[in-house]
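In what follows, a single structure is set out as structure tokens and then discussed.
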Amino acid sequence: MIRTGRFTRTDEDRRATIRPLTRREVGVLLEAAEVHAKSVAALLLCAVRTGLRQGELIGLQWDDVYFHGGFIEVRRAIVRGQLTTTKTRKIRRVDVTPQLMVRLKQLKETRLLETAMSGKLLQNWVFLSPLGCRWDERNLRRAFYKVLEAAKLRRVRFHDLRHTYASLLIQTTAPGKYIQEQLGHASIQVTMDVYGHLYGGEYRHFVSRLDDGKDAVDPAPPPHPDPLVV
């Protein structure tokens with residue numbers, strides 16, 4: 001059977017699937033992860049601070065993290081257990097928040113200490129499962145749902161963390177072009193198709209400026225004294 005869903009989805013369908021967390025819910029989620037699922041806490045912080053897709057998070061390596069520059073380069077993804085390129089087949093640079101950069105530094109220092117004590121080599125994967133290996137997509141989702149349950153938050157999909165990142169960026173009035181570049185969309189049109197409705201009344205003040213000035217409403221001009229002048 002041929003699946004036609006990907007070809008028949010409308011912009012309304014895309015928007016209906018977006019269920020971003022609020023800023024408050026993000027805080028609750030991250031706090032619950034630190035308490036109930038330490039192994040996934042840093043990964044979830046990275047998800048809501050960078051908007052990386054699940055496969056991109058799993059495929060992130062230490063060589064992709066530029067601590068001095070304050071950014072990461074997204075070069076690959078893990079999809080169905082297989083190493084592949086990013087969705088657009090392009091490497092993209094994503095700015096990293098100071099909070100996340102500090103957390104990644106701490107994670108790497110901890111990992112280096114653990115490997116030094118065990119005599120093993122440092123694994124290049126940034127995020128590891130409780131078993132000390134690269135995350136499996138299904139197990140990562142299970143860990144995420146457990147954190148949601150522990151935090152008593154509504155059940156959203158892992159991919160909604162990406163939507164959460166975009167939503168929070170929009171709330172900071174970040175330019176659409178910047179959001180597109182951070183998310184790695186092929187074009188600004190894709191970004192606006194998916195997230196345009198989240199802007200809501202963000203730019204309503206622009207039209208209001210049309211009324212600014214000496215008079216909110218200009219009166220009709222008085223008749224000219226010389227009817228021949230036009």
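Chain labels follow the order of the structure tokens: the first chain is A, the next B, and so on; residue numbering restarts at 1 in every chain, and ligands are counted from 1 in their shown order.
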
Contacts between region 169-184 of chain A and region 67-165 of chain A, please, where a residue of region 67-165 of chain A counts if it comes within 8 Å (with only C-alpha atoms); show its shortest atom pair and distance in Å to one decimal, rows by chain and ascending number, as JSON lines.
```
{"residue": "A:Thr88", "atom": "CA", "partner": "A:Gly184", "partner_atom": "CA", "distance": 7.4}
{"residue": "A:Arg92", "atom": "CA", "partner": "A:Gly184", "partner_atom": "CA", "distance": 6.5}
{"residue": "A:Arg93", "atom": "CA", "partner": "A:Gln182", "partner_atom": "CA", "distance": 7.2}
{"residue": "A:Val94", "atom": "CA", "partner": "A:Gln182", "partner_atom": "CA", "distance": 5.3}
{"residue": "A:Asp95", "atom": "CA", "partner": "A:Gln182", "partner_atom": "CA", "distance": 7.3}
{"residue": "A:Tyr165", "atom": "CA", "partner": "A:Leu169", "partner_atom": "CA", "distance": 6.2}
```

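For the choices A:Thr110, A:Lys90, A:Met117, A:Arg80, the atom-to-atom distance to Glu137 (chain A) is smallest for A:Arg80 when using only C-alpha atoms.
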
Exercise for review: Mind checking which residues fall within 7 Å of region 55-71 of chain A, counting only C-alpha atoms, ignoring those fewer than 5 positions away in the same chain, and posting them as a count of residues only?
Suggested key: 15

Give me, as a PDB file with all heavy atoms, in the first residue's frame, all polymer residues having an atom no more than 12 Å from His36 (chain A), counting only C-alpha atoms and skipping those fewer than 4 positions away in the same chain.
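This is the output file around_2.pdb:
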```
ATOM      1  N   VAL A  28       9.727  22.816  34.532  1.00  0.00           N
ATOM      2  CA  VAL A  28       9.272  21.657  35.303  1.00  0.00           C
ATOM      3  C   VAL A  28       9.872  20.374  34.729  1.00  0.00           C
ATOM      4  O   VAL A  28      10.301  19.486  35.468  1.00  0.00           O
ATOM      5  CB  VAL A  28       7.733  21.585  35.303  1.00  0.00           C
ATOM      6  CG1 VAL A  28       7.248  20.289  35.954  1.00  0.00           C
ATOM      7  CG2 VAL A  28       7.142  22.788  36.034  1.00  0.00           C
ATOM      8  N   LEU A  29       9.904  20.278  33.411  1.00  0.00           N
ATOM      9  CA  LEU A  29      10.465  19.094  32.750  1.00  0.00           C
ATOM     10  C   LEU A  29      11.933  18.905  33.106  1.00  0.00           C
ATOM     11  O   LEU A  29      12.365  17.807  33.470  1.00  0.00           O
ATOM     12  CB  LEU A  29      10.307  19.237  31.233  1.00  0.00           C
ATOM     13  CG  LEU A  29      10.961  18.147  30.387  1.00  0.00           C
ATOM     14  CD1 LEU A  29      10.139  16.865  30.454  1.00  0.00           C
ATOM     15  CD2 LEU A  29      11.118  18.598  28.932  1.00  0.00           C
ATOM     16  N   LEU A  30      12.709  19.972  32.999  1.00  0.00           N
ATOM     17  CA  LEU A  30      14.146  19.872  33.255  1.00  0.00           C
ATOM     18  C   LEU A  30      14.436  19.566  34.715  1.00  0.00           C
ATOM     19  O   LEU A  30      15.364  18.809  35.030  1.00  0.00           O
ATOM     20  CB  LEU A  30      14.830  21.177  32.831  1.00  0.00           C
ATOM     21  CG  LEU A  30      14.750  21.510  31.329  1.00  0.00           C
ATOM     22  CD1 LEU A  30      15.417  22.837  31.037  1.00  0.00           C
ATOM     23  CD2 LEU A  30      15.379  20.398  30.489  1.00  0.00           C
ATOM     24  N   GLU A  31      13.650  20.119  35.623  1.00  0.00           N
ATOM     25  CA  GLU A  31      13.826  19.822  37.048  1.00  0.00           C
ATOM     26  C   GLU A  31      13.528  18.354  37.329  1.00  0.00           C
ATOM     27  O   GLU A  31      14.255  17.692  38.079  1.00  0.00           O
ATOM     28  CB  GLU A  31      12.909  20.715  37.878  1.00  0.00           C
ATOM     29  CG  GLU A  31      13.333  22.171  37.932  1.00  0.00           C
ATOM     30  CD  GLU A  31      12.388  23.018  38.756  1.00  0.00           C
ATOM     31  OE1 GLU A  31      11.457  22.443  39.378  1.00  0.00           O
ATOM     32  OE2 GLU A  31      12.553  24.252  38.781  1.00  0.00           O
ATOM     33  N   ALA A  32      12.472  17.829  36.723  1.00  0.00           N
ATOM     34  CA  ALA A  32      12.119  16.427  36.925  1.00  0.00           C
ATOM     35  C   ALA A  32      13.193  15.507  36.364  1.00  0.00           C
ATOM     36  O   ALA A  32      13.504  14.462  36.949  1.00  0.00           O
ATOM     37  CB  ALA A  32      10.773  16.135  36.255  1.00  0.00           C
ATOM     38  N   VAL A  40      19.344  11.422  31.122  1.00  0.00           N
ATOM     39  CA  VAL A  40      18.737  12.061  29.952  1.00  0.00           C
ATOM     40  C   VAL A  40      18.590  13.564  30.148  1.00  0.00           C
ATOM     41  O   VAL A  40      18.158  14.272  29.238  1.00  0.00           O
ATOM     42  CB  VAL A  40      17.365  11.414  29.647  1.00  0.00           C
ATOM     43  CG1 VAL A  40      16.280  11.939  30.597  1.00  0.00           C
ATOM     44  CG2 VAL A  40      16.953  11.652  28.211  1.00  0.00           C
ATOM     45  N   ALA A  41      18.970  14.071  31.315  1.00  0.00           N
ATOM     46  CA  ALA A  41      18.743  15.485  31.650  1.00  0.00           C
ATOM     47  C   ALA A  41      19.464  16.435  30.696  1.00  0.00           C
ATOM     48  O   ALA A  41      18.885  17.400  30.195  1.00  0.00           O
ATOM     49  CB  ALA A  41      19.162  15.753  33.092  1.00  0.00           C
ATOM     50  N   ALA A 143      12.352   7.034  27.955  1.00  0.00           N
ATOM     51  CA  ALA A 143      12.909   7.831  29.048  1.00  0.00           C
ATOM     52  C   ALA A 143      12.238   9.198  29.118  1.00  0.00           C
ATOM     53  O   ALA A 143      11.939   9.712  30.202  1.00  0.00           O
ATOM     54  CB  ALA A 143      14.419   7.982  28.864  1.00  0.00           C
ATOM     55  N   PHE A 144      11.988   9.776  27.955  1.00  0.00           N
ATOM     56  CA  PHE A 144      11.336  11.089  27.889  1.00  0.00           C
ATOM     57  C   PHE A 144       9.932  11.028  28.467  1.00  0.00           C
ATOM     58  O   PHE A 144       9.523  11.890  29.256  1.00  0.00           O
ATOM     59  CB  PHE A 144      11.311  11.557  26.435  1.00  0.00           C
ATOM     60  CG  PHE A 144      10.457  12.767  26.192  1.00  0.00           C
ATOM     61  CD1 PHE A 144      10.716  13.975  26.829  1.00  0.00           C
ATOM     62  CD2 PHE A 144       9.383  12.705  25.302  1.00  0.00           C
ATOM     63  CE1 PHE A 144       9.921  15.092  26.593  1.00  0.00           C
ATOM     64  CE2 PHE A 144       8.603  13.810  25.063  1.00  0.00           C
ATOM     65  CZ  PHE A 144       8.867  15.009  25.715  1.00  0.00           C
ATOM     66  N   TYR A 145       9.165   9.996  28.108  1.00  0.00           N
ATOM     67  CA  TYR A 145       7.800   9.867  28.606  1.00  0.00           C
ATOM     68  C   TYR A 145       7.777   9.652  30.115  1.00  0.00           C
ATOM     69  O   TYR A 145       6.858  10.117  30.802  1.00  0.00           O
ATOM     70  CB  TYR A 145       7.081   8.721  27.895  1.00  0.00           C
ATOM     71  CG  TYR A 145       6.823   8.988  26.426  1.00  0.00           C
ATOM     72  CD1 TYR A 145       6.975   7.994  25.462  1.00  0.00           C
ATOM     73  CD2 TYR A 145       6.433  10.254  25.992  1.00  0.00           C
ATOM     74  CE1 TYR A 145       6.750   8.246  24.123  1.00  0.00           C
ATOM     75  CE2 TYR A 145       6.209  10.527  24.647  1.00  0.00           C
ATOM     76  CZ  TYR A 145       6.369   9.510  23.724  1.00  0.00           C
ATOM     77  OH  TYR A 145       6.150   9.774  22.394  1.00  0.00           O
ATOM     78  N   LYS A 146       8.779   8.954  30.620  1.00  0.00           N
ATOM     79  CA  LYS A 146       8.859   8.759  32.070  1.00  0.00           C
ATOM     80  C   LYS A 146       9.108  10.075  32.785  1.00  0.00           C
ATOM     81  O   LYS A 146       8.573  10.319  33.869  1.00  0.00           O
ATOM     82  CB  LYS A 146       9.972   7.752  32.398  1.00  0.00           C
ATOM     83  CG  LYS A 146       9.629   6.308  32.035  1.00  0.00           C
ATOM     84  CD  LYS A 146      10.756   5.361  32.423  1.00  0.00           C
ATOM     85  CE  LYS A 146      10.392   3.922  32.071  1.00  0.00           C
ATOM     86  NZ  LYS A 146      11.507   2.978  32.409  1.00  0.00           N
ATOM     87  N   VAL A 147       9.918  10.933  32.182  1.00  0.00           N
ATOM     88  CA  VAL A 147      10.163  12.251  32.777  1.00  0.00           C
ATOM     89  C   VAL A 147       8.888  13.075  32.753  1.00  0.00           C
ATOM     90  O   VAL A 147       8.550  13.758  33.736  1.00  0.00           O
ATOM     91  CB  VAL A 147      11.293  12.985  32.038  1.00  0.00           C
ATOM     92  CG1 VAL A 147      11.454  14.406  32.575  1.00  0.00           C
ATOM     93  CG2 VAL A 147      12.608  12.229  32.187  1.00  0.00           C
ATOM     94  N   LEU A 148       8.156  13.028  31.647  1.00  0.00           N
ATOM     95  CA  LEU A 148       6.881  13.744  31.572  1.00  0.00           C
ATOM     96  C   LEU A 148       5.929  13.278  32.662  1.00  0.00           C
ATOM     97  O   LEU A 148       5.255  14.084  33.314  1.00  0.00           O
ATOM     98  CB  LEU A 148       6.225  13.526  30.206  1.00  0.00           C
ATOM     99  CG  LEU A 148       6.789  14.278  29.001  1.00  0.00           C
ATOM    100  CD1 LEU A 148       6.041  13.878  27.732  1.00  0.00           C
ATOM    101  CD2 LEU A 148       6.704  15.783  29.196  1.00  0.00           C
ATOM    102  N   GLU A 149       5.889  11.962  32.858  1.00  0.00           N
ATOM    103  CA  GLU A 149       5.005  11.404  33.879  1.00  0.00           C
ATOM    104  C   GLU A 149       5.445  11.835  35.271  1.00  0.00           C
ATOM    105  O   GLU A 149       4.615  12.212  36.099  1.00  0.00           O
ATOM    106  CB  GLU A 149       4.993   9.875  33.771  1.00  0.00           C
ATOM    107  CG  GLU A 149       4.038   9.196  34.724  1.00  0.00           C
ATOM    108  CD  GLU A 149       4.009   7.686  34.541  1.00  0.00           C
ATOM    109  OE1 GLU A 149       4.619   7.200  33.566  1.00  0.00           O
ATOM    110  OE2 GLU A 149       3.385   7.004  35.368  1.00  0.00           O
ATOM    111  N   ALA A 150       6.743  11.792  35.530  1.00  0.00           N
ATOM    112  CA  ALA A 150       7.255  12.196  36.841  1.00  0.00           C
ATOM    113  C   ALA A 150       6.996  13.676  37.099  1.00  0.00           C
ATOM    114  O   ALA A 150       6.751  14.089  38.239  1.00  0.00           O
ATOM    115  CB  ALA A 150       8.752  11.903  36.931  1.00  0.00           C
ATOM    116  N   ALA A 151       7.043  14.472  36.038  1.00  0.00           N
ATOM    117  CA  ALA A 151       6.825  15.911  36.165  1.00  0.00           C
ATOM    118  C   ALA A 151       5.342  16.269  36.184  1.00  0.00           C
ATOM    119  O   ALA A 151       4.987  17.437  36.387  1.00  0.00           O
ATOM    120  CB  ALA A 151       7.502  16.643  35.010  1.00  0.00           C
TER     121      ALA A 151
END
```

Point to revise | Which of region 12-221 of chain A DSSP labels alpha helix (DSSP H), written as a count of residues only | key: 106

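Of the listed residues A:Val74, A:Ser167, A:Gly132, A:Ser187, the one whose atoms come nearest to Lys120 (chain A) is A:Gly132, with distances taken using only C-alpha atoms.
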
Point to revise | All residues 10 Å or closer to Ala47 (chain A), only C-alpha atoms, same chain fewer than 2 positions away omitted, as a PyMOL selection string | key: chain A and resi 41-45+49-54+56-57+100+158-165

Review point. Which value, in Å to one decimal, gives the distance between CA of Leu113 (chain A) and CA of Leu128 (chain A)?
Key: 15.2 Å

**Study point:** Which of region 71-143 of chain A DSSP labels strand (DSSP E), written as a ChimeraX atom specification
**Key:** /A:71-74,77-79,82-84,92-95
